[in-house]
file my_file.cif (mmCIF, C-alpha atoms)
data_work
loop_
_atom_site.label_atom_id
_atom_site.label_comp_id
_atom_site.auth_asym_id
_atom_site.auth_seq_id
_atom_site.Cartn_x
_atom_site.Cartn_y
_atom_site.Cartn_z
CA MET A 1 -5.48 87.05 -51.42
CA PRO A 2 -8.70 88.37 -52.93
CA ASN A 3 -9.47 91.94 -51.94
CA ALA A 4 -12.83 93.06 -50.54
CA PHE A 5 -13.61 96.79 -50.54
CA VAL A 6 -16.13 97.43 -47.75
CA LEU A 7 -17.84 100.81 -47.88
CA PHE A 8 -19.40 101.66 -44.53
CA ALA A 9 -21.68 104.66 -43.88
CA HIS A 10 -23.10 104.91 -40.37
CA PRO A 11 -22.18 107.66 -37.90
CA VAL A 12 -22.66 105.72 -34.65
CA PRO A 13 -20.49 102.76 -33.50
CA GLY A 14 -23.22 101.30 -31.26
CA SER A 15 -25.78 100.91 -34.05
CA LEU A 16 -27.00 97.60 -35.45
CA ASN A 17 -25.60 98.62 -38.82
CA ALA A 18 -22.16 99.15 -37.25
CA ALA A 19 -22.42 95.71 -35.63
CA ALA A 20 -23.30 94.19 -39.01
CA HIS A 21 -20.34 96.00 -40.56
CA GLN A 22 -18.09 94.50 -37.87
CA VAL A 23 -19.44 91.01 -38.66
CA VAL A 24 -18.79 91.55 -42.39
CA VAL A 25 -15.18 92.62 -41.82
CA GLU A 26 -14.42 89.85 -39.31
CA THR A 27 -16.09 87.07 -41.27
CA LEU A 28 -14.44 88.00 -44.56
CA THR A 29 -11.04 88.36 -42.90
CA GLY A 30 -11.54 84.95 -41.25
CA LYS A 31 -12.31 83.45 -44.66
CA GLY A 32 -9.05 84.69 -46.11
CA TRP A 33 -10.14 87.95 -47.75
CA ASP A 34 -7.89 90.97 -47.65
CA VAL A 35 -10.40 93.56 -46.41
CA ASP A 36 -10.07 97.25 -47.28
CA ASP A 37 -12.43 98.73 -44.70
CA CYS A 38 -13.54 102.19 -45.81
CA ASP A 39 -15.49 103.98 -43.07
CA LEU A 40 -16.76 107.11 -44.83
CA TYR A 41 -17.65 108.91 -41.59
CA ALA A 42 -14.30 108.10 -39.94
CA GLU A 43 -12.41 109.14 -43.08
CA GLY A 44 -14.35 112.42 -43.20
CA PHE A 45 -15.44 111.83 -46.79
CA ASN A 46 -16.87 114.98 -48.39
CA PRO A 47 -19.93 113.90 -50.42
CA VAL A 48 -20.62 117.17 -52.24
CA LEU A 49 -19.73 117.19 -55.94
CA SER A 50 -18.26 120.65 -56.49
CA ARG A 51 -18.83 123.05 -59.37
CA GLU A 52 -15.33 122.26 -60.75
CA GLU A 53 -15.99 118.52 -60.53
CA ARG A 54 -19.32 118.96 -62.30
CA GLU A 55 -17.64 120.90 -65.09
CA SER A 56 -14.97 118.22 -65.68
CA TYR A 57 -17.32 115.28 -64.96
CA HIS A 58 -17.12 113.82 -68.49
CA ASP A 59 -13.41 114.58 -69.01
CA THR A 60 -11.92 111.19 -68.15
CA ALA A 61 -8.38 112.59 -68.28
CA VAL A 62 -8.89 114.70 -65.16
CA ASN A 63 -12.22 113.87 -63.54
CA CYS A 64 -10.85 111.43 -60.96
CA THR A 65 -8.00 113.64 -59.72
CA PRO A 66 -9.85 114.94 -56.61
CA VAL A 67 -10.78 111.37 -55.53
CA GLN A 68 -7.88 109.36 -56.95
CA ALA A 69 -7.22 107.40 -53.74
CA TYR A 70 -10.83 106.12 -53.65
CA VAL A 71 -10.70 105.24 -57.34
CA ASP A 72 -7.54 103.19 -56.75
CA ARG A 73 -9.21 101.30 -53.91
CA LEU A 74 -12.21 100.46 -56.11
CA ARG A 75 -9.95 99.27 -58.90
CA ALA A 76 -8.02 97.00 -56.53
CA ALA A 77 -11.20 95.22 -55.34
CA ASP A 78 -12.43 91.74 -56.24
CA ALA A 79 -15.56 92.26 -54.15
CA PHE A 80 -17.50 95.44 -53.29
CA ILE A 81 -19.69 95.47 -50.19
CA LEU A 82 -21.92 98.32 -49.04
CA CYS A 83 -22.85 98.55 -45.38
CA HIS A 84 -25.34 101.31 -44.65
CA PRO A 85 -28.68 102.31 -43.15
CA VAL A 86 -31.57 103.45 -45.35
CA TRP A 87 -32.75 106.94 -44.48
CA ASN A 88 -35.76 108.51 -46.16
CA PHE A 89 -35.84 105.70 -48.71
CA GLY A 90 -32.34 106.42 -49.91
CA TYR A 91 -28.65 106.18 -49.12
CA PRO A 92 -27.23 108.42 -46.39
CA ALA A 93 -25.87 111.53 -48.11
CA ILE A 94 -22.27 110.54 -47.38
CA LEU A 95 -22.75 107.30 -49.35
CA LYS A 96 -24.74 108.89 -52.16
CA GLY A 97 -21.85 111.33 -52.54
CA PHE A 98 -19.45 108.42 -53.07
CA PHE A 99 -21.49 107.51 -56.16
CA ASP A 100 -21.66 111.16 -57.31
CA ARG A 101 -17.94 111.85 -56.88
CA VAL A 102 -16.09 108.50 -57.23
CA MET A 103 -18.22 106.26 -59.49
CA LEU A 104 -17.29 108.45 -62.45
CA PRO A 105 -17.29 108.04 -66.22
CA GLY A 106 -14.04 106.22 -67.00
CA VAL A 107 -14.04 104.67 -63.51
CA ALA A 108 -17.38 102.91 -63.03
CA PHE A 109 -18.75 103.14 -66.56
CA ASP A 110 -17.82 104.31 -70.04
CA LEU A 111 -20.12 106.59 -71.93
CA GLN A 112 -19.93 106.44 -75.74
CA ASP A 113 -22.61 108.07 -77.85
CA GLY A 114 -25.03 107.81 -74.94
CA LYS A 115 -24.35 104.07 -74.51
CA ILE A 116 -23.13 102.90 -71.11
CA SER A 117 -20.64 100.05 -70.72
CA ALA A 118 -19.22 98.47 -67.59
CA CYS A 119 -15.75 99.47 -66.42
CA LEU A 120 -15.06 97.87 -63.05
CA ASN A 121 -14.35 94.43 -64.49
CA ASN A 122 -12.09 93.62 -61.54
CA ILE A 123 -15.12 93.34 -59.20
CA ARG A 124 -16.71 89.88 -59.36
CA LYS A 125 -19.00 89.96 -56.33
CA ILE A 126 -21.17 92.65 -54.75
CA ALA A 127 -23.30 92.76 -51.62
CA ALA A 128 -25.33 95.29 -49.64
CA VAL A 129 -25.88 94.91 -45.89
CA THR A 130 -28.53 97.38 -44.91
CA THR A 131 -30.99 98.42 -42.19
CA TYR A 132 -34.34 100.14 -42.80
CA GLY A 133 -36.53 102.06 -40.36
CA ALA A 134 -39.43 101.30 -42.70
CA THR A 135 -41.49 98.12 -42.65
CA PRO A 136 -41.19 95.91 -45.77
CA LEU A 137 -44.68 97.03 -46.83
CA ARG A 138 -43.84 100.72 -46.53
CA ALA A 139 -40.57 100.21 -48.41
CA PHE A 140 -42.47 98.33 -51.12
CA LEU A 141 -45.06 101.11 -51.40
CA ALA A 142 -42.29 103.66 -51.83
CA GLY A 143 -40.79 101.45 -54.56
CA ASP A 144 -37.72 100.68 -52.41
CA PRO A 145 -35.35 103.11 -54.20
CA PRO A 146 -32.10 101.97 -52.53
CA LYS A 147 -32.77 98.33 -53.44
CA ARG A 148 -33.44 99.28 -57.05
CA LEU A 149 -30.34 101.42 -57.19
CA PHE A 150 -28.28 98.49 -55.96
CA LYS A 151 -29.90 95.56 -57.78
CA ARG A 152 -30.30 97.35 -61.09
CA ALA A 153 -27.91 100.32 -61.38
CA VAL A 154 -24.93 99.00 -59.40
CA TRP A 155 -25.43 95.48 -60.74
CA GLY A 156 -25.77 96.80 -64.29
CA THR A 157 -22.65 98.93 -63.97
CA ILE A 158 -20.45 96.18 -62.54
CA ARG A 159 -22.05 92.99 -63.98
CA PRO A 160 -20.74 90.78 -61.15
CA GLU A 161 -21.06 87.00 -60.99
CA LYS A 162 -22.65 87.19 -57.56
CA MET A 163 -24.95 89.69 -55.85
CA ARG A 164 -26.50 89.60 -52.36
CA TYR A 165 -28.96 92.11 -50.85
CA ILE A 166 -29.14 91.52 -47.10
CA ALA A 167 -31.69 93.80 -45.48
CA GLN A 168 -33.24 94.21 -42.04
CA TYR A 169 -36.54 96.15 -42.12
CA ASP A 170 -38.66 97.82 -39.40
CA MET A 171 -35.80 98.91 -37.12
CA ASN A 172 -38.25 100.97 -35.02
CA ASN A 173 -39.86 97.80 -33.67
CA ILE A 174 -36.92 95.40 -33.66
CA THR A 175 -36.38 93.02 -30.72
CA PRO A 176 -32.96 91.89 -29.41
CA ASP A 177 -33.63 88.39 -30.80
CA GLU A 178 -34.26 89.82 -34.25
CA CYS A 179 -31.00 91.79 -34.03
CA THR A 180 -29.11 88.60 -33.21
CA ALA A 181 -30.87 86.76 -36.05
CA PHE A 182 -29.93 89.50 -38.49
CA LEU A 183 -26.26 89.42 -37.46
CA SER A 184 -26.19 85.60 -37.77
CA ARG A 185 -27.66 85.94 -41.23
CA VAL A 186 -24.98 88.45 -42.21
CA ARG A 187 -22.30 86.06 -40.86
CA ARG A 188 -23.72 83.08 -42.81
CA GLU A 189 -23.94 85.11 -46.01
CA MET A 190 -20.36 86.34 -45.66
CA GLU A 191 -19.03 82.87 -44.87
CA VAL A 192 -20.20 81.58 -48.24
CA PHE A 193 -19.51 84.82 -50.10
CA MET B 194 -50.15 129.76 -51.49
CA ARG B 195 -46.82 129.48 -49.67
CA ALA B 196 -44.20 127.70 -51.77
CA LEU B 197 -40.83 126.47 -50.56
CA ILE B 198 -38.33 125.70 -53.33
CA ILE B 199 -35.38 123.46 -52.50
CA TYR B 200 -32.87 124.10 -55.24
CA CYS B 201 -29.67 122.08 -55.71
CA HIS B 202 -27.16 122.62 -58.52
CA PRO B 203 -23.45 123.53 -58.25
CA ARG B 204 -23.31 125.83 -61.26
CA GLU B 205 -25.17 129.12 -61.79
CA GLY B 206 -26.22 129.37 -65.44
CA SER B 207 -27.09 125.66 -65.66
CA PHE B 208 -30.30 124.45 -67.28
CA THR B 209 -31.49 123.48 -63.79
CA ALA B 210 -31.19 127.17 -62.84
CA ALA B 211 -33.42 128.02 -65.82
CA VAL B 212 -35.98 125.48 -64.58
CA ARG B 213 -35.88 127.12 -61.13
CA ASP B 214 -36.39 130.57 -62.66
CA THR B 215 -39.34 129.33 -64.71
CA VAL B 216 -41.00 127.90 -61.61
CA LEU B 217 -40.30 131.13 -59.69
CA GLU B 218 -41.71 133.29 -62.46
CA ARG B 219 -45.00 131.34 -62.60
CA LEU B 220 -45.38 131.36 -58.81
CA ARG B 221 -44.71 135.09 -58.53
CA ALA B 222 -47.06 135.86 -61.42
CA ALA B 223 -49.78 134.03 -59.50
CA GLY B 224 -49.05 136.08 -56.37
CA ALA B 225 -47.73 133.14 -54.32
CA GLU B 226 -45.42 133.74 -51.37
CA VAL B 227 -42.12 132.04 -52.19
CA ARG B 228 -39.02 131.06 -50.25
CA VAL B 229 -35.97 129.53 -51.94
CA HIS B 230 -33.22 127.48 -50.33
CA ASP B 231 -30.22 127.24 -52.66
CA LEU B 232 -28.29 124.42 -51.02
CA TYR B 233 -24.98 124.91 -52.86
CA ARG B 234 -24.95 128.69 -52.48
CA ASP B 235 -25.91 128.47 -48.81
CA GLY B 236 -23.16 125.88 -48.16
CA PHE B 237 -25.67 123.48 -46.61
CA GLN B 238 -23.87 120.64 -44.78
CA PRO B 239 -25.48 117.32 -45.85
CA VAL B 240 -23.87 114.82 -43.49
CA LEU B 241 -26.03 113.77 -40.54
CA THR B 242 -23.52 113.80 -37.70
CA SER B 243 -23.13 111.24 -34.96
CA ALA B 244 -24.39 113.82 -32.41
CA GLU B 245 -27.49 114.38 -34.54
CA PHE B 246 -28.05 110.65 -34.87
CA MET B 247 -27.76 110.14 -31.10
CA GLY B 248 -30.21 113.01 -30.47
CA TYR B 249 -32.47 112.07 -33.40
CA LEU B 250 -35.51 111.26 -31.25
CA ASP B 251 -34.98 114.12 -28.80
CA CYS B 252 -37.74 116.51 -29.95
CA PRO B 253 -37.63 119.48 -30.31
CA ALA B 254 -33.88 119.76 -29.53
CA ASN B 255 -33.17 117.71 -32.68
CA GLN B 256 -34.33 120.69 -34.81
CA ALA B 257 -31.70 123.12 -33.49
CA PRO B 258 -28.92 122.40 -36.06
CA VAL B 259 -31.34 123.00 -38.97
CA ALA B 260 -33.82 125.44 -37.38
CA ASP B 261 -33.99 127.78 -40.40
CA GLN B 262 -34.84 124.86 -42.70
CA VAL B 263 -37.46 123.45 -40.32
CA ARG B 264 -39.08 126.89 -39.97
CA ASP B 265 -39.72 127.06 -43.73
CA VAL B 266 -40.86 123.44 -44.03
CA THR B 267 -43.42 124.18 -41.32
CA TRP B 268 -44.41 127.44 -43.01
CA CYS B 269 -45.08 126.17 -46.54
CA ASP B 270 -48.12 124.49 -48.06
CA THR B 271 -46.32 123.67 -51.32
CA LEU B 272 -42.93 121.94 -51.54
CA ILE B 273 -40.92 122.07 -54.78
CA PHE B 274 -37.61 120.32 -55.55
CA VAL B 275 -35.43 121.45 -58.46
CA TYR B 276 -32.23 119.42 -59.03
CA PRO B 277 -30.20 117.32 -61.49
CA THR B 278 -30.51 113.52 -61.24
CA TRP B 279 -27.12 111.91 -60.59
CA TRP B 280 -26.74 108.16 -60.42
CA TYR B 281 -30.53 107.87 -60.87
CA GLY B 282 -31.04 109.70 -57.57
CA LEU B 283 -30.75 112.95 -55.69
CA PRO B 284 -27.40 114.74 -55.45
CA ALA B 285 -25.80 113.90 -52.08
CA LEU B 286 -26.36 117.50 -50.97
CA LEU B 287 -30.11 117.24 -51.52
CA LYS B 288 -30.29 113.75 -50.02
CA GLY B 289 -28.58 115.17 -46.92
CA TRP B 290 -31.25 117.86 -46.71
CA LEU B 291 -33.85 115.09 -46.37
CA ASP B 292 -31.68 113.22 -43.83
CA ARG B 293 -31.13 116.23 -41.58
CA VAL B 294 -34.34 118.27 -41.95
CA LEU B 295 -37.16 115.71 -42.25
CA LEU B 296 -36.93 114.87 -38.55
CA PRO B 297 -39.29 113.14 -36.12
CA ASP B 298 -41.99 115.60 -34.99
CA VAL B 299 -41.25 117.71 -38.08
CA ALA B 300 -41.91 115.32 -40.95
CA PHE B 301 -43.31 112.28 -39.12
CA MET B 302 -44.31 111.06 -35.69
CA MET B 303 -42.46 108.05 -34.29
CA PRO B 304 -44.53 104.96 -33.40
CA THR B 305 -46.03 105.27 -29.90
CA SER B 306 -46.73 101.60 -29.28
CA GLU B 307 -45.13 98.35 -30.32
CA GLY B 308 -45.81 97.25 -33.89
CA ASP B 309 -47.00 100.73 -34.84
CA ASN B 310 -45.88 102.56 -37.95
CA ILE B 311 -44.68 106.15 -38.24
CA LYS B 312 -47.39 108.80 -38.82
CA PRO B 313 -47.20 111.55 -41.45
CA GLY B 314 -46.10 114.93 -40.09
CA LEU B 315 -46.29 117.10 -43.21
CA GLN B 316 -50.07 117.14 -43.56
CA HIS B 317 -50.04 120.92 -43.90
CA ILE B 318 -48.36 120.41 -47.30
CA SER B 319 -50.91 119.59 -49.97
CA ARG B 320 -48.84 120.10 -53.12
CA ILE B 321 -45.45 118.77 -54.21
CA GLY B 322 -43.52 119.49 -57.40
CA VAL B 323 -40.41 117.63 -58.59
CA PHE B 324 -38.41 119.06 -61.49
CA THR B 325 -35.24 117.31 -62.61
CA THR B 326 -32.88 116.55 -65.48
CA CYS B 327 -31.34 113.17 -66.28
CA GLY B 328 -28.25 112.23 -68.28
CA ALA B 329 -29.76 108.80 -68.88
CA SER B 330 -32.61 108.09 -71.28
CA ARG B 331 -36.20 107.81 -70.10
CA TRP B 332 -36.10 104.09 -70.89
CA LEU B 333 -33.00 103.43 -68.79
CA THR B 334 -34.30 105.61 -65.94
CA LEU B 335 -37.59 103.69 -65.89
CA PHE B 336 -35.76 100.37 -66.05
CA ILE B 337 -33.69 101.29 -63.00
CA GLY B 338 -36.96 102.38 -61.39
CA ALA B 339 -36.32 106.14 -61.11
CA PRO B 340 -35.06 105.94 -57.50
CA GLY B 341 -34.77 109.73 -57.11
CA LYS B 342 -38.34 110.37 -58.22
CA ARG B 343 -39.60 107.61 -55.93
CA THR B 344 -37.62 108.89 -52.94
CA LEU B 345 -39.38 112.26 -53.27
CA LEU B 346 -42.84 111.57 -54.71
CA ARG B 347 -43.45 108.38 -52.73
CA GLY B 348 -41.04 108.53 -49.76
CA VAL B 349 -41.71 112.18 -48.94
CA GLY B 350 -45.15 111.91 -50.57
CA LEU B 351 -46.25 109.40 -47.88
CA LEU B 352 -45.73 112.13 -45.26
CA LEU B 353 -47.89 114.81 -46.91
CA ALA B 354 -51.61 115.54 -46.74
CA PRO B 355 -53.70 112.60 -48.02
CA ARG B 356 -54.23 112.89 -51.79
CA ALA B 357 -51.69 115.71 -52.04
CA HIS B 358 -51.40 117.13 -55.54
CA LYS B 359 -48.19 115.95 -57.25
CA VAL B 360 -46.46 117.15 -60.41
CA PHE B 361 -43.26 115.81 -61.98
CA ALA B 362 -41.23 116.82 -65.03
CA ALA B 363 -37.87 115.46 -66.16
CA HIS B 364 -35.74 116.20 -69.19
CA TYR B 365 -33.79 113.09 -70.25
CA LEU B 366 -30.55 112.64 -72.25
CA MET B 367 -29.28 116.03 -71.08
CA ASP B 368 -25.81 115.61 -72.55
CA SER B 369 -27.12 115.64 -76.11
CA ALA B 370 -30.13 117.95 -75.58
CA LYS B 371 -30.75 120.61 -78.23
CA GLU B 372 -32.04 124.13 -77.63
CA PRO B 373 -35.60 123.64 -79.02
CA ALA B 374 -36.13 120.59 -76.78
CA LEU B 375 -34.83 122.51 -73.76
CA GLN B 376 -37.14 125.44 -74.50
CA ALA B 377 -40.07 123.03 -74.89
CA HIS B 378 -39.17 121.53 -71.54
CA LEU B 379 -39.23 124.94 -69.84
CA ARG B 380 -42.73 125.48 -71.24
CA LYS B 381 -43.71 122.10 -69.79
CA VAL B 382 -42.28 123.12 -66.40
CA ALA B 383 -44.35 126.33 -66.58
CA ARG B 384 -47.51 124.34 -67.36
CA LYS B 385 -46.87 121.90 -64.51
CA THR B 386 -46.25 124.77 -62.10
CA ASP B 387 -49.52 126.34 -63.25
CA LYS B 388 -51.25 123.04 -62.43
CA LEU B 389 -49.93 123.24 -58.87
CA ILE B 390 -51.10 126.86 -58.65
CA GLY B 391 -54.50 125.87 -60.10
CA ALA B 392 -54.84 123.15 -57.48
CA ALA B 393 -54.07 125.73 -54.81
CA SER B 394 -56.66 128.22 -56.03
CA SER B 395 -59.42 125.61 -56.33
CA ALA B 396 -58.63 124.40 -52.79
CA GLU B 397 -58.84 127.97 -51.50
CA MET B 398 -62.12 128.61 -53.36
CA ALA B 399 -63.58 125.44 -51.83
CA LYS B 400 -62.54 126.70 -48.41
CA VAL B 401 -64.20 130.08 -49.04
CA ALA B 402 -67.36 128.35 -50.34
CA SER B 403 -67.65 126.13 -47.27
CA SER B 404 -67.08 128.92 -44.74
#

call {"tool": "encode", "arguments": {"input": "my_file.cif", "output": "structure tokens"}}
result
Amino acid sequence: MPNAFVLFAHPVPGSLNAAAHQVVVETLTGKGWDVDDCDLYAEGFNPVLSREERESYHDTAVNCTPVQAYVDRLRAADAFILCHPVWNFGYPAILKGFFDRVMLPGVAFDLQDGKISACLNNIRKIAAVTTYGATPLRAFLAGDPPKRLFKRAVWGTIRPEKMRYIAQYDMNNITPDECTAFLSRVRREMEVF
Amino acid sequence: MRALIIYCHPREGSFTAAVRDTVLERLRAAGAEVRVHDLYRDGFQPVLTSAEFMGYLDCPANQAPVADQVRDVTWCDTLIFVYPTWWYGLPALLKGWLDRVLLPDVAFMMPTSEGDNIKPGLQHISRIGVFTTCGASRWLTLFIGAPGKRTLLRGVGLLLAPRAHKVFAAHYLMDSAKEPALQAHLRKVARKTDKLIGAASSAEMAKVASS
């Protein structure tokens, strides 16, 4: 069975983002995916790159030792799905730390003479399921950093065949109907993923 | 001038530390009051907890876990970030500072009626400086869209005083940087800091002139 690595980063089970995460896991499982559900908060992931990790960052022989289990999970994945809220026009710290500490040289990309090449050739599909407090206009004015990071940096690093960015904006003013519509959209997207 | 420096690098002796010291030296030479938060040294905890999320809108109780940070954000009129760019963005530790400290009623006011937007809460801050280093080239960083720079200059920038004065300096391709280029960059950082200081003095002179 194809393996989907779902990276989830929201602290509260009752949130819309947590509901969307649930829909992702259930829908993919129903469609025959083997889902590796990684809840960063529940797993107590430490997002802070330490001084020692910084010093051995480019040494591909040892740099992944502190996070080997996460590296193995990434390497086993055929699909990589992020499920997270957007806070202050960026990823929650716990998710940003996954990039800092796990998406390392030799794991996510190779660096040779300043040139970057893709490394995670096992991953063929990527998706982000995300919720913004900001309105679409405000996110646009800020340049929508998390969307750029995903659609350009993550896409460029993985070079997947398929990419979906599924976002709900303006969470401060959302109605129950809009919540339901968002969850249906997530379900439809995952059904054909 | 009251400057708050948020500094984030795991290793003392790094080039980022030299950037911080350059900024500090210029500010002190100009007689500014300065406070520094060194997030790694202070062991700042970057993960917004589930209790904090549940109490996010409960002002002012939401400030209690980060009261010392909020005190200095409220105190300053100039906010300066010094950090390395990792994965085109802020280190998780610095991102967590934004998540936990830039709270409702501190950094912004929540909408009061339906369809409303948030309102800026940092209007007492009229100057922002962002000083960073990137492993990637300038070209690649611009292609990705410089998410870290945008998160701070635009995301946080939207919350500051209207037409706040902004300065930015980045050194690219850090892994192959040579000493003369690094020294030139420190001089650039000094000049940019002086611009912030200059903006402060002209604002103060205008205030004196109008009173």

call {"tool": "axis_aligned_box", "arguments": {"input": "my_file.cif", "around": "range 8-18 of chain A", "padding_each_side": "3 Å", "output": "JSON"}}
result
{"center_x": -23.2, "center_y": 102.6, "center_z": -37.9, "size_x": 13.6, "size_y": 16.1, "size_z": 19.3}

call {"tool": "closest_residue", "arguments": {"input": "my_file.cif", "among": "B:Gly322, B:Gly314, B:Pro203, B:Gly236", "to": "chain A", "atoms": "only C-alpha atoms"}}
result
B:Pro203

call {"tool": "resolve_selection", "arguments": {"input": "my_file.cif", "expression": "the PyMOL selection byres ((chain A and resi 104) around 12)", "output": "PyMOL selection string"}}
result
(chain A and resi 49+53-54+56-68+70-71+74+97-103+105-111+116+118-120+157) or (chain B and resi 279-280)

call {"tool": "closest_residue", "arguments": {"input": "my_file.cif", "among": "B:Met367, B:Ala362, B:Ala392, B:Ala210", "to": "chain A", "atoms": "all atoms listed in the file"}}
result
B:Met367

call {"tool": "closest_atom_pairs", "arguments": {"input": "my_file.cif", "of": "chain A", "to": "chain B", "cutoff": "8 Å", "atoms": "all atoms listed in the file", "output": "Markdown table"}}
result
| residue | atom | partner | partner_atom | distance |
| --- | --- | --- | --- | --- |
| A:Pro11 | CA | B:Ser243 | CA | 4.7 |
| A:Val12 | CA | B:Ser243 | CA | 5.5 |
| A:Pro47 | CA | B:Ala285 | CA | 6.1 |
| A:Val48 | CA | B:Leu286 | CA | 5.9 |
| A:Leu49 | CA | B:Pro203 | CA | 7.7 |
| A:Ser50 | CA | B:Pro203 | CA | 6.2 |
| A:Arg51 | CA | B:Pro203 | CA | 4.8 |
| A:Arg54 | CA | B:Pro203 | CA | 7.4 |
| A:Trp87 | CA | B:Asp292 | CA | 6.4 |
| A:Asn88 | CA | B:Gly348 | CA | 6.4 |
| A:Phe89 | CA | B:Thr344 | CA | 5.6 |
| A:Gly90 | CA | B:Thr344 | CA | 6.6 |
| A:Tyr91 | CA | B:Lys288 | CA | 7.8 |
| A:Pro92 | CA | B:Gly289 | CA | 6.9 |
| A:Ala93 | CA | B:Ala285 | CA | 4.6 |
| A:Ile94 | CA | B:Val240 | CA | 6.0 |
| A:Leu95 | CA | B:Ala285 | CA | 7.8 |
| A:Lys96 | CA | B:Ala285 | CA | 5.1 |
| A:Gly97 | CA | B:Ala285 | CA | 4.7 |
| A:Phe99 | CA | B:Trp280 | CA | 6.8 |
| A:Asp100 | CA | B:Trp279 | CA | 6.4 |
| A:Gly114 | CA | B:Ala329 | CA | 7.8 |
| A:Thr135 | CA | B:Asn310 | CA | 7.8 |
| A:Leu141 | CA | B:Arg347 | CA | 7.6 |
| A:Ala142 | CA | B:Arg347 | CA | 4.9 |
| A:Gly143 | CA | B:Arg343 | CA | 6.4 |
| A:Asp144 | CA | B:Pro340 | CA | 7.8 |
| A:Pro145 | CA | B:Pro340 | CA | 4.4 |
| A:Pro146 | CA | B:Pro340 | CA | 7.0 |
| A:Arg148 | CA | B:Ile337 | CA | 6.3 |
| A:Leu149 | CA | B:Pro340 | CA | 6.5 |
| A:Arg152 | CA | B:Ile337 | CA | 5.5 |
| A:Ala153 | CA | B:Ile337 | CA | 6.1 |
| A:Asn172 | CA | B:Pro304 | CA | 7.6 |
| A:Asn173 | CA | B:Gly308 | CA | 6.0 |

call {"tool": "residues_near_point", "arguments": {"input": "my_file.cif", "point": "(-12.9, 89.9, -45.5)", "cutoff": "8 Å", "atoms": "all atoms listed in the file", "output": "list of chain:residue names"}}
result
A:Asn3, A:Ala4, A:Val24, A:Val25, A:Glu26, A:Thr27, A:Leu28, A:Thr29, A:Gly30, A:Lys31, A:Gly32, A:Trp33, A:Asp34, A:Val35

call {"tool": "residues_around", "arguments": {"input": "my_file.cif", "residues": "Ala357 in chain B", "least_positions_apart": "3", "cutoff": "12 Å", "atoms": "only C-alpha atoms", "output": "list in words"}}
result
Asp270, Thr271, Leu272, Leu315, Gln316, His317, Ile318, Ser319, Arg320, Ile321, Gly322, Leu346, Arg347, Val349, Gly350, Leu351, Leu352, Leu353, Ala354, Val360, Leu389, Ala392, Ala393 and Ala396 of chain B

call {"tool": "residues_around", "arguments": {"input": "my_file.cif", "residues": "Gln262 in chain B", "least_positions_apart": "5", "cutoff": "9 Å", "atoms": "only C-alpha atoms", "output": "number ranges by chain"}}
result
B: 230, 256, 267, 290, 294

call {"tool": "residues_around", "arguments": {"input": "my_file.cif", "residues": "range 372-382 of chain B", "least_positions_apart": "6", "cutoff": "8 Å", "atoms": "only C-alpha atoms", "output": "ChimeraX atom specification"}}
result
/B:211-212,215-216,324,362,364

call {"tool": "write_last_selection", "arguments": {"input": "my_file.cif", "atoms": "C-alpha atoms", "output": "tab-separated table (two decimals), in the frame of the given file"}}
result
chain	number	residue	atom	x	y	z
B	211	ALA	CA	-33.42	128.02	-65.82
B	212	VAL	CA	-35.98	125.48	-64.58
B	215	THR	CA	-39.34	129.33	-64.71
B	216	VAL	CA	-41.00	127.90	-61.61
B	324	PHE	CA	-38.41	119.06	-61.49
B	362	ALA	CA	-41.23	116.82	-65.03
B	364	HIS	CA	-35.74	116.20	-69.19

call {"tool": "closest_residue", "arguments": {"input": "my_file.cif", "among": "A:Asn122, A:Gln22, A:Ser117, A:Gln112", "to": "Leu183 in chain A", "atoms": "only C-alpha atoms"}}
result
A:Gln22

call {"tool": "residues_around", "arguments": {"input": "my_file.cif", "residues": "Val129 in chain A", "least_positions_apart": "5", "cutoff": "12 Å", "atoms": "all atoms listed in the file", "output": "PyMOL selection string"}}
result
chain A and resi 6-10+16-25+80-86+146-147+150+163-169+182-183+185-187+189-190

call {"tool": "closest_residue", "arguments": {"input": "my_file.cif", "among": "B:His358, B:Arg219, B:Arg228, B:Arg264", "to": "Tyr200 in chain B", "atoms": "all atoms listed in the file"}}
result
B:Arg228

call {"tool": "resolve_selection", "arguments": {"input": "my_file.cif", "expression": "the PyMOL selection byres ((chain A and resi 79) around 6)", "output": "list in words"}}
result
Ala4, Ala77, Asp78, Phe80, Ile123, Arg124, Lys125 and Ile126 of chain A

call {"tool": "closest_residue", "arguments": {"input": "my_file.cif", "among": "B:Phe301, B:Trp332, B:Phe361, B:Tyr276", "to": "Phe208 in chain B", "atoms": "all atoms listed in the file"}}
result
B:Tyr276

call {"tool": "atom_distance", "arguments": {"input": "my_file.cif", "atom1": "CA of Ala127 in chain A", "atom2": "CA of Leu335 in chain B"}}
result
23.0 Å

call {"tool": "atom_distance", "arguments": {"input": "my_file.cif", "atom1": "CA of Leu40 in chain A", "atom2": "CA of Ala254 in chain B"}}
result
26.2 Å

call {"tool": "atom_distance", "arguments": {"input": "my_file.cif", "atom1": "CA of Ile158 in chain A", "atom2": "CA of Arg138 in chain A"}}
result
28.7 Å

call {"tool": "residues_around", "arguments": {"input": "my_file.cif", "residues": "Leu217 in chain B", "least_positions_apart": "6", "cutoff": "12 Å", "atoms": "only C-alpha atoms", "output": "ChimeraX atom specification"}}
result
/B:196-200,210-211,223-229,273-275,379,382-383,386-387,390
